[in-house]
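Colleague: Could you have a look at this structure, given as structure tokens, before my questions?
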Amino acid sequence: MQRPAPQDFRRVLSSMCTEPHPAARDAAERFLATNPGDPATYRRVAELEDRAVSLLGEVAGLSDPHGYVTSGGTEANVQAVRAARNRARDRDGADLSRTYNVVAPESVHFSVHKAADVLGVELRTVPVDDEHRADADAVRAAADGDTALVVGVAGTTEYGRVDPIPALAEAAREVGALVHVDAAWGGFALPFTDFAWNFDHADVDTMTIDPHKLGRAAVPAGGFLARERETMDALAVDTPYLETTSQATLTGTRSGAGVASAAAAMEALWPDGYRREFESSMADARWLARAFEARGFDAASPELPLVAARLPEDLFGSLREAGWRISRTAGGDLRVVCMPHVTRETLSAFLADLDAPA
Ligand SMILES: Cc1ncc(COP(=O)(O)O)c(C=O)c1O
């Protein structure tokens with residue numbers, strides 16, 4: 001029987017996953033049978049996780065980072081909301097009947113909606129500005145004494161925009177809330193830009209930053225970072241039957257492959273490799289945006305390597321039929337994520353199909 005083969009990435013234009021770096025692929029295979037959820041038993045992978053967290057801290061401007069390698073951005077966002085809710089409860093001596101809220105721009109990833117649902121907190125989403133960025137005044141107006149967390153996105157899923165993180169952090173502090181930055185996708189591109197997005201730029205408490213997106217680790221490898229140990233304490237439960245006595249992660253048994261691969265990818269690429277990839281994909285994104293404009297399709301000017309453009313419905317449909325894996329924003333715009341596997345050659349082939357008569 002033929003062995004099933006995964007699809008190749010050649011026509012994948014709207015995904016935030018990509019080909020793992022060769023060193024990351026190799027590390028994933030080697031650590032396949034290890035469980036960082038039981039770090040006292042699986043010590044080698046636990047050491048690699050410490051290294052991964054330390055490197056994530058370097059990427060995100062945090063010198064003494066706490067955190068771990070999650071299953072992805074969803075888990076990291078759930079943990080950020082959970083930590084903030086638990087810390088607010090501890091601070092207020094509140095019982096379980098008090099409902100806390102999270103304030104976020106409407107551009108926030110749907111994983112935060114899931115987090116609010118499973119954790120019993122109210123999610124207040126506020127409109128974004130004309131450039132698809134969070135509006136700090138709208139966030140301030142929605143926040144109150146029950147706000148446990150304000151979320152900003154550094155690299156939005158739909159438009160690749162960076163929210164005004166320092167202004168959001170100020171709005172959060174006015175009501176005593178914690179601050180979470182979702183840099184799940186943007187985190188490995190932003191160090192090479194002028195945006196103020198990280199722990200060093202603003203009073204940020206927690207961050208999502210995923211090696212399995214622009215970090216080029218194998219799936220599953222998300223990242224959760226916290227400035228303070230107390231945040232991890234707020235997530236910890238007792239683990240009587242393990243060699244370790246408590247666990248702050250959401251999942252129990254976890255992928256050693258993801259952890260080892262995250263460490264290997266960052267060792268190989270931080271910082272110069274990521275810089276090179278960012279510069280090349282950013283040039284491609286700008287080139288593609290200009291190509292759309294030249295054809296009369298409105299395209300948002302890219303801030304990170306993601307292009308959103310207004311394409312007619314029938315054209316979008318025929319490109320999908322031609323095998324291009326493309327998706328649209330809630331507002332109907334085509335989004336092309338210039339991940340490392342998306343080359344200029346691929347984009348030229350895509351434009352050739354776009355230009356071909358139906
Ligand atoms: C900004 C942002 N946050 C969170 C996530 C969720 O990440 P994951 O799919 O790894 O759970 C995504 C996924 O694309 C994202 O773009």
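Simple scheme: letters A, B, ... for chains in structure tokens order, numbers from 1 for residues in each chain, numbers from 1 for ligands in the order shown.
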What residues have any atom no more than 9 Å from ligand 1 when counting only C-alpha atoms and all ligand atoms, and can you list them as a VMD selection string?

Modeller: chain A and resid 15 to 17 70 to 77 107 to 112 153 to 158 160 182 to 186 208 to 210 212 to 213 219 to 222

Colleague: Set the distance at 7 Å and use only C-alpha atoms: which residues neighbour range 35-51 of chain A once local chain neighbours fewer than 6 positions away are removed? I'd like the list as a PyMOL selection string.

Modeller: chain A and resi 68-69+242-244+252-256+259-260+263

Colleague: As an exercise, work out the distance from CA of Ala141 in chain A to CA of Asp203 in chain A in Å and give it to one decimal place.

Modeller: 19.6 Å

Colleague: Select, from A:Leu347, A:Val121, A:Asp205, A:Pro305, the residue with the minimum atom-to-atom distance to Glu230 in chain A, counting only C-alpha atoms.

Modeller: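 Ranking A:Leu347, A:Val121, A:Asp205, A:Pro305 by distance to Glu230 in chain A, first place goes to A:Asp205.
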
Colleague: Using DSSP on the backbone coordinates, identify all residues within range 7-252 of chain A classified as alpha helix (DSSP H); present the result as a compact mmCIF listing (two decimals) with N, CA and C atoms, in the first residue's frame.

Modeller:
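That gives us result.txt:
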# COMPACT_ATOMS: atom_id res chain seq x y z
N PRO A 22 14.93 22.67 8.67
CA PRO A 22 15.44 21.30 8.74
C PRO A 22 15.89 20.89 10.14
N ALA A 23 16.52 21.79 10.86
CA ALA A 23 16.98 21.44 12.23
C ALA A 23 15.78 21.21 13.15
N ALA A 24 14.69 21.92 12.90
CA ALA A 24 13.49 21.77 13.72
C ALA A 24 12.79 20.45 13.42
N ARG A 25 12.78 20.09 12.15
CA ARG A 25 12.18 18.81 11.74
C ARG A 25 12.97 17.64 12.37
N ASP A 26 14.26 17.75 12.31
CA ASP A 26 15.12 16.70 12.85
C ASP A 26 14.92 16.56 14.37
N ALA A 27 14.89 17.69 15.07
CA ALA A 27 14.73 17.65 16.53
C ALA A 27 13.36 17.07 16.89
N ALA A 28 12.34 17.41 16.10
CA ALA A 28 10.99 16.90 16.38
C ALA A 28 10.99 15.38 16.31
N GLU A 29 11.64 14.83 15.30
CA GLU A 29 11.67 13.37 15.16
C GLU A 29 12.40 12.72 16.33
N ARG A 30 13.49 13.33 16.75
CA ARG A 30 14.29 12.73 17.83
C ARG A 30 13.55 12.73 19.16
N ARG A 43 13.93 14.64 31.52
CA ARG A 43 14.76 15.82 31.85
C ARG A 43 15.38 16.50 30.65
N ARG A 44 15.76 15.71 29.65
CA ARG A 44 16.44 16.33 28.50
C ARG A 44 15.51 17.31 27.81
N VAL A 45 14.28 16.87 27.62
CA VAL A 45 13.35 17.76 26.92
C VAL A 45 12.97 18.94 27.82
N ALA A 46 12.98 18.70 29.13
CA ALA A 46 12.70 19.81 30.06
C ALA A 46 13.79 20.89 29.95
N GLU A 47 15.03 20.44 29.78
CA GLU A 47 16.13 21.41 29.60
C GLU A 47 15.95 22.19 28.30
N LEU A 48 15.52 21.47 27.27
CA LEU A 48 15.29 22.17 25.99
C LEU A 48 14.16 23.18 26.12
N GLU A 49 13.18 22.84 26.95
CA GLU A 49 12.07 23.79 27.12
C GLU A 49 12.57 25.06 27.84
N ASP A 50 13.43 24.88 28.83
CA ASP A 50 14.01 26.06 29.50
C ASP A 50 14.74 26.93 28.48
N ARG A 51 15.47 26.26 27.59
CA ARG A 51 16.22 27.00 26.56
C ARG A 51 15.25 27.71 25.61
N ALA A 52 14.18 27.02 25.25
CA ALA A 52 13.20 27.61 24.34
C ALA A 52 12.56 28.85 24.97
N VAL A 53 12.24 28.76 26.25
CA VAL A 53 11.60 29.90 26.93
C VAL A 53 12.59 31.07 27.02
N SER A 54 13.84 30.73 27.29
CA SER A 54 14.84 31.79 27.37
C SER A 54 15.01 32.48 26.00
N LEU A 55 15.02 31.69 24.92
CA LEU A 55 15.13 32.30 23.58
C LEU A 55 13.87 33.09 23.24
N LEU A 56 12.70 32.57 23.60
CA LEU A 56 11.47 33.33 23.36
C LEU A 56 11.52 34.68 24.08
N GLY A 57 12.09 34.65 25.30
CA GLY A 57 12.24 35.89 26.05
C GLY A 57 13.13 36.88 25.30
N GLU A 58 14.22 36.38 24.72
CA GLU A 58 15.10 37.28 23.94
C GLU A 58 14.34 37.89 22.78
N VAL A 59 13.57 37.08 22.08
CA VAL A 59 12.81 37.57 20.93
C VAL A 59 11.81 38.65 21.37
N GLY A 73 -1.17 28.85 19.68
CA GLY A 73 -1.62 30.17 20.12
C GLY A 73 -2.92 30.09 20.91
N THR A 74 -3.75 29.14 20.57
CA THR A 74 -5.02 29.02 21.29
C THR A 74 -4.77 28.72 22.76
N GLU A 75 -3.94 27.73 23.03
CA GLU A 75 -3.67 27.40 24.43
C GLU A 75 -3.03 28.59 25.16
N ALA A 76 -2.11 29.26 24.50
CA ALA A 76 -1.44 30.40 25.16
C ALA A 76 -2.46 31.50 25.47
N ASN A 77 -3.38 31.76 24.56
CA ASN A 77 -4.39 32.79 24.83
C ASN A 77 -5.34 32.35 25.95
N VAL A 78 -5.71 31.08 25.95
CA VAL A 78 -6.58 30.59 27.04
C VAL A 78 -5.86 30.77 28.38
N GLN A 79 -4.58 30.45 28.41
CA GLN A 79 -3.82 30.55 29.65
C GLN A 79 -3.66 32.01 30.11
N ALA A 80 -3.55 32.91 29.15
CA ALA A 80 -3.44 34.34 29.52
C ALA A 80 -4.73 34.80 30.19
N VAL A 81 -5.86 34.40 29.63
CA VAL A 81 -7.14 34.80 30.22
C VAL A 81 -7.32 34.12 31.58
N ARG A 82 -6.94 32.86 31.65
CA ARG A 82 -7.10 32.10 32.90
C ARG A 82 -6.24 32.70 34.02
N ALA A 83 -5.00 33.03 33.68
CA ALA A 83 -4.10 33.61 34.69
C ALA A 83 -4.65 34.95 35.18
N ALA A 84 -5.12 35.77 34.23
CA ALA A 84 -5.62 37.10 34.61
C ALA A 84 -6.87 36.97 35.49
N ARG A 85 -7.76 36.08 35.13
CA ARG A 85 -8.97 35.88 35.94
C ARG A 85 -8.60 35.39 37.34
N ASN A 86 -7.69 34.40 37.40
CA ASN A 86 -7.31 33.86 38.71
C ASN A 86 -6.60 34.89 39.57
N ARG A 87 -5.77 35.71 38.94
CA ARG A 87 -5.06 36.74 39.72
C ARG A 87 -6.02 37.81 40.20
N ALA A 88 -7.00 38.15 39.36
CA ALA A 88 -7.99 39.16 39.79
C ALA A 88 -8.79 38.61 40.98
N ARG A 89 -9.18 37.34 40.89
CA ARG A 89 -9.92 36.72 42.01
C ARG A 89 -9.10 36.76 43.29
N ASP A 90 -7.82 36.37 43.17
CA ASP A 90 -6.94 36.37 44.36
C ASP A 90 -6.83 37.77 44.95
N ARG A 91 -6.62 38.75 44.05
CA ARG A 91 -6.44 40.13 44.51
C ARG A 91 -7.68 40.64 45.24
N ASP A 92 -8.86 40.33 44.67
CA ASP A 92 -10.10 40.88 45.22
C ASP A 92 -10.69 39.99 46.30
N PHE A 110 -10.09 34.33 17.23
CA PHE A 110 -11.26 33.64 17.82
C PHE A 110 -10.90 32.75 19.00
N SER A 111 -9.61 32.46 19.18
CA SER A 111 -9.23 31.67 20.35
C SER A 111 -9.57 32.41 21.65
N VAL A 112 -9.60 33.75 21.62
CA VAL A 112 -9.93 34.50 22.83
C VAL A 112 -11.44 34.35 23.13
N HIS A 113 -12.24 34.20 22.08
CA HIS A 113 -13.66 33.90 22.29
C HIS A 113 -13.81 32.53 22.97
N LYS A 114 -13.01 31.58 22.51
CA LYS A 114 -13.06 30.25 23.15
C LYS A 114 -12.66 30.37 24.63
N ALA A 115 -11.59 31.14 24.87
CA ALA A 115 -11.09 31.30 26.24
C ALA A 115 -12.20 31.85 27.15
N ALA A 116 -12.87 32.89 26.67
CA ALA A 116 -13.92 33.50 27.47
C ALA A 116 -15.03 32.49 27.74
N ASP A 117 -15.35 31.70 26.74
CA ASP A 117 -16.41 30.72 26.87
C ASP A 117 -16.06 29.67 27.93
N VAL A 118 -14.88 29.08 27.83
CA VAL A 118 -14.57 28.00 28.77
C VAL A 118 -14.27 28.53 30.19
N LEU A 119 -13.85 29.77 30.29
CA LEU A 119 -13.45 30.29 31.60
C LEU A 119 -14.54 31.10 32.30
N ALA A 136 -7.50 52.68 21.30
CA ALA A 136 -7.23 52.70 22.75
C ALA A 136 -8.35 53.42 23.51
N ASP A 137 -8.97 54.44 22.90
CA ASP A 137 -10.07 55.13 23.60
C ASP A 137 -11.28 54.21 23.76
N ALA A 138 -11.54 53.44 22.72
CA ALA A 138 -12.67 52.50 22.80
C ALA A 138 -12.39 51.43 23.86
N VAL A 139 -11.15 51.00 23.96
CA VAL A 139 -10.78 50.01 24.98
C VAL A 139 -10.97 50.63 26.37
N ARG A 140 -10.51 51.87 26.52
CA ARG A 140 -10.62 52.55 27.82
C ARG A 140 -12.09 52.67 28.23
N ALA A 141 -12.94 53.01 27.25
CA ALA A 141 -14.37 53.20 27.55
C ALA A 141 -15.03 51.88 27.95
N ALA A 142 -14.53 50.77 27.45
CA ALA A 142 -15.17 49.48 27.74
C ALA A 142 -14.65 48.85 29.03
N ILE A 165 0.18 48.99 21.48
CA ILE A 165 0.32 48.25 22.74
C ILE A 165 0.58 49.19 23.95
N PRO A 166 1.50 50.18 23.86
CA PRO A 166 1.71 51.03 25.04
C PRO A 166 0.42 51.76 25.48
N ALA A 167 -0.37 52.23 24.54
CA ALA A 167 -1.62 52.93 24.89
C ALA A 167 -2.63 51.96 25.49
N LEU A 168 -2.68 50.74 24.99
CA LEU A 168 -3.60 49.74 25.57
C LEU A 168 -3.16 49.38 26.98
N ALA A 169 -1.84 49.30 27.18
CA ALA A 169 -1.33 48.97 28.52
C ALA A 169 -1.70 50.07 29.51
N GLU A 170 -1.61 51.31 29.07
CA GLU A 170 -2.01 52.42 29.96
C GLU A 170 -3.48 52.32 30.32
N ALA A 171 -4.32 52.05 29.32
CA ALA A 171 -5.76 51.92 29.57
C ALA A 171 -6.03 50.79 30.57
N ALA A 172 -5.27 49.70 30.43
CA ALA A 172 -5.46 48.56 31.34
C ALA A 172 -5.09 48.94 32.78
N ARG A 173 -3.96 49.62 32.93
CA ARG A 173 -3.49 49.96 34.28
C ARG A 173 -4.44 50.91 35.00
N GLU A 174 -5.14 51.76 34.22
CA GLU A 174 -6.09 52.69 34.86
C GLU A 174 -7.17 51.96 35.63
N ARG A 229 6.59 35.51 38.01
CA ARG A 229 6.38 34.13 38.49
C ARG A 229 4.95 33.95 38.99
N GLU A 230 4.38 35.00 39.60
CA GLU A 230 3.02 34.90 40.15
C GLU A 230 2.01 34.48 39.10
N THR A 231 2.29 34.85 37.85
CA THR A 231 1.35 34.47 36.78
C THR A 231 1.34 32.96 36.61
N MET A 232 2.52 32.34 36.66
CA MET A 232 2.59 30.89 36.54
C MET A 232 1.96 30.24 37.79
N ASP A 233 2.20 30.86 38.95
CA ASP A 233 1.60 30.32 40.18
C ASP A 233 0.08 30.31 40.08

Colleague: What does the distance between CA of Gly120 in chain A and CA of Thr99 in chain A come to in Å, to one decimal place?

Modeller: 7.2 Å

Colleague: Just want the 10 Å neighbourhood of Trp324 in chain A, counted on only C-alpha atoms, with same-chain residues fewer than 4 positions away dropped. Output as a list in words.

Modeller: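 The residues that qualify are Arg10, Arg11, Val12, Leu13, Ser14, Phe316, Gly317, Ser318, Leu319, Arg320, Phe350 and Asp353 of chain A.
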
Colleague: Hey, can you spit out that residue selection with N, CA, C and O atoms as a short mmCIF file (atom, residue, chain, number, x, y, z; two decimals), in the first residue's frame?

Modeller:
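Saved as part.cif:
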data_model
loop_
_atom_site.label_atom_id
_atom_site.label_comp_id
_atom_site.auth_asym_id
_atom_site.auth_seq_id
_atom_site.Cartn_x
_atom_site.Cartn_y
_atom_site.Cartn_z
N ARG A 10 3.20 24.39 -1.97
CA ARG A 10 3.38 25.30 -3.11
C ARG A 10 2.20 26.25 -3.37
O ARG A 10 2.41 27.36 -3.80
N ARG A 11 0.97 25.77 -3.13
CA ARG A 11 -0.18 26.64 -3.43
C ARG A 11 -0.89 27.09 -2.14
O ARG A 11 -2.04 27.55 -2.19
N VAL A 12 -0.20 26.99 -1.03
CA VAL A 12 -0.81 27.38 0.25
C VAL A 12 -0.48 28.84 0.53
O VAL A 12 0.65 29.18 0.89
N LEU A 13 -1.46 29.71 0.37
CA LEU A 13 -1.19 31.15 0.50
C LEU A 13 -1.81 31.80 1.73
O LEU A 13 -1.49 32.93 2.05
N SER A 14 -2.77 31.14 2.39
CA SER A 14 -3.44 31.82 3.50
C SER A 14 -3.18 31.17 4.85
O SER A 14 -3.85 31.49 5.82
N PHE A 316 -12.10 35.10 -6.99
CA PHE A 316 -11.66 34.36 -5.81
C PHE A 316 -12.01 32.87 -5.99
O PHE A 316 -11.19 31.99 -5.77
N GLY A 317 -13.23 32.62 -6.43
CA GLY A 317 -13.70 31.24 -6.64
C GLY A 317 -12.86 30.51 -7.68
O GLY A 317 -12.48 29.36 -7.48
N SER A 318 -12.54 31.19 -8.80
CA SER A 318 -11.80 30.47 -9.83
C SER A 318 -10.35 30.21 -9.39
O SER A 318 -9.75 29.20 -9.75
N LEU A 319 -9.79 31.09 -8.57
CA LEU A 319 -8.43 30.83 -8.05
C LEU A 319 -8.44 29.63 -7.10
O LEU A 319 -7.53 28.80 -7.13
N ARG A 320 -9.48 29.52 -6.33
CA ARG A 320 -9.59 28.33 -5.45
C ARG A 320 -9.73 27.07 -6.29
O ARG A 320 -9.12 26.05 -6.00
N PHE A 350 0.71 32.67 -9.07
CA PHE A 350 -0.62 33.03 -8.60
C PHE A 350 -1.18 34.19 -9.43
O PHE A 350 -2.33 34.16 -9.90
N ASP A 353 -2.30 33.12 -12.86
CA ASP A 353 -3.64 32.52 -12.83
C ASP A 353 -4.72 33.58 -12.66
O ASP A 353 -5.80 33.49 -13.24
#
